[in-house]
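Below: the structure, in structure tokens.
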Amino acid sequence: MDEEYDVVVLGTGLTECILSGLLSVEGKKVLHMDRNDYYGGDSASLNLTQLYRKFRPDQTPPTELGRDRDYAVDLVPKFIIASGELTKILVHTDVTRYLEFKQIAGSFVYRDGRISKVPSTEMEAVRSPLMGLFEKRRAKKFFEFLQNWKDEDPATHQGINLDTDSMKAVYEKFGLEPGTQDFIGHSMALYLDDDYITKPARPTYDRIVLYTSSMARYGKSPYIYPLYGLGELPQSFARLSAIYGGTYMLDKQIDEIVTDADGKFIGVRSGDETVKAKQVIGDPSYFGAGKDGGKLRVVEEGKVVRAICILKHPIPGTEDTDSVQIIIPQNQVGRRNDIYIAMVSSTHNVCAKDVYVAIVSTIVETERPEQEIAPGLQLLGPIYDKFISVSPLYTPTSDGKSDNIFVTRSYDATSHFETVVEDVQDVWKRVVGSDLVLKKREVEVEA
């Protein structure tokens, strides 16, 4: 480990692996290290033995769940938006050659005690049980307005300015009821809370267009998902890095971030070896997260509770779909943040046949996190087994430019990867000094 590198990357979570892959392609000399003996960090997919070892070290997995190797259970439940930013990175880097994708079969929303399919076209909106007859007409006009909007043609604006008018003003112009606003803002624009309503409408417009264009791409739902679990994503970017000369070391304890007298980064120490580099990028766990004493480079901004549930049946009320997302908007259950359910099954090669894995998650608001996800757990029907975790959300305390130490963010409670890519773009700009630029191609998806 005597060589000097351009960048040392700590942790093999998706954010870190995308960055090491992109930096290697850019010609940087990258060393990537992880204290675990598997890829993925907090965004890994675990087999049954690993899952039980993590949550219940004293228990062996029940034999009736099938073979260990049939399982790849995600620790963080996220889907890929078909036309979103992660797809662009996958295509731009050609990482798609290492992966196969399958659609998520349905997108549902909870309202008034039942779950219904999220309408994504005018036709679906007209048939949706989420709205009465007059509300459907108003919603149809709203969606037509979005579809017809052209920045350069004021005739399509209907007197609305997306950059100055709030989303509240847009909803009011079309007379949309609170319940309709709920499913548009939360299950299409995918906001976690209602803060967006008082802000300019442009980002919400962009998010709804992203949802509907992703929906139109493959039908059924706006989401795709990699066969064999999300843990395949970091591994695929690690392959990309290796092809371009990146070096990987798993199962390597990181003992110290070494800095000079001015506090600038000079290297990473593991045991009695120190590797030197110009810059370091890493996840919060390598920079004081959860520890007392020493230099803390991250701050806790909240917590996410997640329940990994093993089911022997599809989720009731979802038309027996093999994979689904269900969003419970916060107003429906008297909360500030939405509750998400993400379910996948053996169709995605992540569990044994006739087994379904559903993950219920939300941002923690009280001292009793498990009770907070009860409305989601109740929708699942009988639960064979469940594993609950409460994870702090860490963000870096500085931008890293002064000391060349760049810390990534924890994986948030959103149901998709858009915020992960925002973090990648943000760290890239600080490390490299210029924006990340990607080209556009198509992704192939299995029917």
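Chain labels A, B, ... are given in the sequence in which chains occur in the structure tokens; within each chain residues are numbered consecutively from 1, and ligands are likewise numbered from 1 in the order shown.
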Counting only C-alpha atoms, which residues in segment 74-182 of chain A sit no more than 9 Å from segment 410-417 of chain A? For each one, give the nearest pair of atoms and the distance in Å, sorted by chain then residue number, as a Markdown table.
| residue | atom | partner | partner_atom | distance |
| --- | --- | --- | --- | --- |
| A:Val76 | CA | A:Tyr411 | CA | 7.5 |
| A:Pro77 | CA | A:Ser415 | CA | 6.6 |
| A:Lys78 | CA | A:His416 | CA | 4.6 |
| A:Phe79 | CA | A:His416 | CA | 4.8 |
| A:Ile80 | CA | A:His416 | CA | 5.6 |
| A:Ile81 | CA | A:His416 | CA | 6.6 |
| A:Gly84 | CA | A:Phe417 | CA | 8.3 |
| A:Glu85 | CA | A:Phe417 | CA | 7.9 |
| A:Leu86 | CA | A:Phe417 | CA | 6.5 |
Next item on the list: Write out as a ChimeraX atom specification which residues come within 9 Å of Glu3 of chain A when counting only C-alpha atoms, dropping same-chain ones fewer than 2 positions away.
Entry: /A:1,5,275-277
For the residues selected in the previous step, produce a file with C-alpha atoms as an mmCIF file, in the first residue's frame.
data_model
loop_
_atom_site.group_PDB
_atom_site.id
_atom_site.type_symbol
_atom_site.label_atom_id
_atom_site.label_comp_id
_atom_site.auth_asym_id
_atom_site.auth_seq_id
_atom_site.Cartn_x
_atom_site.Cartn_y
_atom_site.Cartn_z
ATOM 1 C CA MET A 1 0.000 0.000 0.000
ATOM 2 C CA TYR A 5 -3.504 7.512 -5.325
ATOM 3 C CA VAL A 275 -1.920 4.691 1.974
ATOM 4 C CA LYS A 276 -1.440 8.226 0.648
ATOM 5 C CA ALA A 277 -3.840 10.060 -1.649
#
Checklist line | Surrounding residues of Arg297 of chain A excluding itself and chain neighbours under 2 positions, 7 Å, only C-alpha atoms, as number ranges by chain | finding: A: 287-288, 295, 396-397
Check: If you count only C-alpha atoms, which residues fall within 9 Å of Leu19 of chain A, apart from same-chain ones fewer than 6 positions away, as a list of chain:residue names?
Finding: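 Here the answer would be A:Val9, A:Phe237, A:Ile281, A:Val424, A:Gln425, A:Val427, A:Trp428.
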Just write the chosen residues, N, CA and C atoms, as an mmCIF file, in the first residue's frame.
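That gives us selection-v1.cif:
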data_model
loop_
_atom_site.group_PDB
_atom_site.id
_atom_site.type_symbol
_atom_site.label_atom_id
_atom_site.label_comp_id
_atom_site.auth_asym_id
_atom_site.auth_seq_id
_atom_site.Cartn_x
_atom_site.Cartn_y
_atom_site.Cartn_z
ATOM 1 N N VAL A 9 -11.473 5.848 -1.816
ATOM 2 C CA VAL A 9 -12.915 5.822 -1.540
ATOM 3 C C VAL A 9 -13.168 4.811 -0.428
ATOM 4 N N PHE A 237 -20.868 -1.055 -10.630
ATOM 5 C CA PHE A 237 -20.020 0.140 -10.746
ATOM 6 C C PHE A 237 -18.592 -0.163 -10.285
ATOM 7 N N ILE A 281 -12.984 10.120 -0.332
ATOM 8 C CA ILE A 281 -14.456 10.177 -0.362
ATOM 9 C C ILE A 281 -14.927 8.984 0.462
ATOM 10 N N VAL A 424 -24.298 12.198 -5.658
ATOM 11 C CA VAL A 424 -23.167 11.871 -6.547
ATOM 12 C C VAL A 424 -22.742 13.119 -7.326
ATOM 13 N N GLN A 425 -23.736 13.818 -7.907
ATOM 14 C CA GLN A 425 -23.421 15.017 -8.705
ATOM 15 C C GLN A 425 -22.785 16.111 -7.843
ATOM 16 N N VAL A 427 -21.073 15.703 -4.889
ATOM 17 C CA VAL A 427 -19.707 15.321 -4.486
ATOM 18 C C VAL A 427 -18.755 15.426 -5.683
ATOM 19 N N TRP A 428 -19.206 14.970 -6.856
ATOM 20 C CA TRP A 428 -18.386 15.028 -8.076
ATOM 21 C C TRP A 428 -17.925 16.469 -8.334
#
Near segment 306-323 of chain A, 10 Å: segment 377-419 of chain A residue rows, closest pairs, only C-alpha atoms, as a Markdown table:
| residue | atom | partner | partner_atom | distance |
| --- | --- | --- | --- | --- |
| A:Leu377 | CA | A:Ala307 | CA | 8.5 |
| A:Leu379 | CA | A:Ile315 | CA | 7.1 |
| A:Leu380 | CA | A:Ile315 | CA | 5.2 |
| A:Gly381 | CA | A:Pro316 | CA | 6.7 |
| A:Pro382 | CA | A:Leu311 | CA | 7.1 |
| A:Ile383 | CA | A:Leu311 | CA | 5.3 |
| A:Tyr384 | CA | A:Leu311 | CA | 5.3 |
| A:Asp385 | CA | A:Ile310 | CA | 5.2 |
| A:Lys386 | CA | A:Cys309 | CA | 4.3 |
| A:Phe387 | CA | A:Ile308 | CA | 5.1 |
| A:Ile388 | CA | A:Ala307 | CA | 4.4 |
| A:Ser389 | CA | A:Arg306 | CA | 5.4 |
| A:Val390 | CA | A:Arg306 | CA | 6.4 |
| A:Ser391 | CA | A:Arg306 | CA | 8.1 |
| A:Ala413 | CA | A:Arg306 | CA | 8.9 |
Next item on the list: Identify, with DSSP run on backbone atoms, the residues in segment 256-393 of chain A assigned to strand (DSSP E), and express the list as a PyMOL selection string.
Entry: chain A and resi 256-259+265-270+273-282+298-311+324-328+339-345+356-363+385-393
Check: as a ChimeraX atom specification, which residues of segment 59-284 of chain A does DSSP assign to helix (DSSP H, G or I)?
Finding: /A:63-65,68-70,85-92,95-98,122-127,133-148,154-156,167-173,178-187,195-198,202-218,232-243,284
Notebook entry, point to check: Out of A:Gln158, A:Leu176, A:Pro119, A:Gly245, which residue has the shortest atom-to-atom distance to Met188 of chain A when counting only C-alpha atoms?
Noted result: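 Closest candidate: A:Pro119.
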Margin query: Quick one: residues within 10 Å of segment 63-75 of chain A, only C-alpha atoms, excluding same-chain residues fewer than 3 positions away - as a ChimeraX atom specification?
Written below: /A:40-51,60,78,227-232,306-308,310,312,344-346,348-355,357-359,384,389
Note to self: Using only C-alpha atoms, which protein or nucleic acid residues come within 8 Å of segment 368-371 of chain A? Drop anything in the same chain fewer than 2 positions from it, and give the result as a PyMOL selection string.
What the structure shows: chain A and resi 305+364-366+373-374+388+390
Using the selection just defined, write its residues with N, CA and C atoms as a compact mmCIF listing (two decimals), in the first residue's frame.
# COMPACT_ATOMS: atom_id res chain seq x y z
N VAL A 305 -37.00 4.54 9.95
CA VAL A 305 -37.31 3.19 10.43
C VAL A 305 -37.70 2.34 9.23
N VAL A 364 -38.66 8.78 11.07
CA VAL A 364 -39.08 8.68 12.47
C VAL A 364 -39.52 10.06 13.00
N GLU A 365 -40.71 10.08 13.64
CA GLU A 365 -41.24 11.34 14.19
C GLU A 365 -41.45 11.28 15.70
N THR A 366 -41.42 10.07 16.28
CA THR A 366 -41.71 9.93 17.72
C THR A 366 -40.66 9.03 18.37
N ILE A 373 -44.89 2.79 11.75
CA ILE A 373 -45.07 2.09 10.46
C ILE A 373 -46.23 1.09 10.52
N ALA A 374 -46.97 1.08 11.67
CA ALA A 374 -48.11 0.15 11.82
C ALA A 374 -49.12 0.24 10.67
N ILE A 388 -36.61 -5.30 11.99
CA ILE A 388 -36.78 -3.85 12.08
C ILE A 388 -35.45 -3.16 12.36
N VAL A 390 -33.62 0.92 12.81
CA VAL A 390 -33.76 2.38 12.85
C VAL A 390 -32.39 2.95 12.52
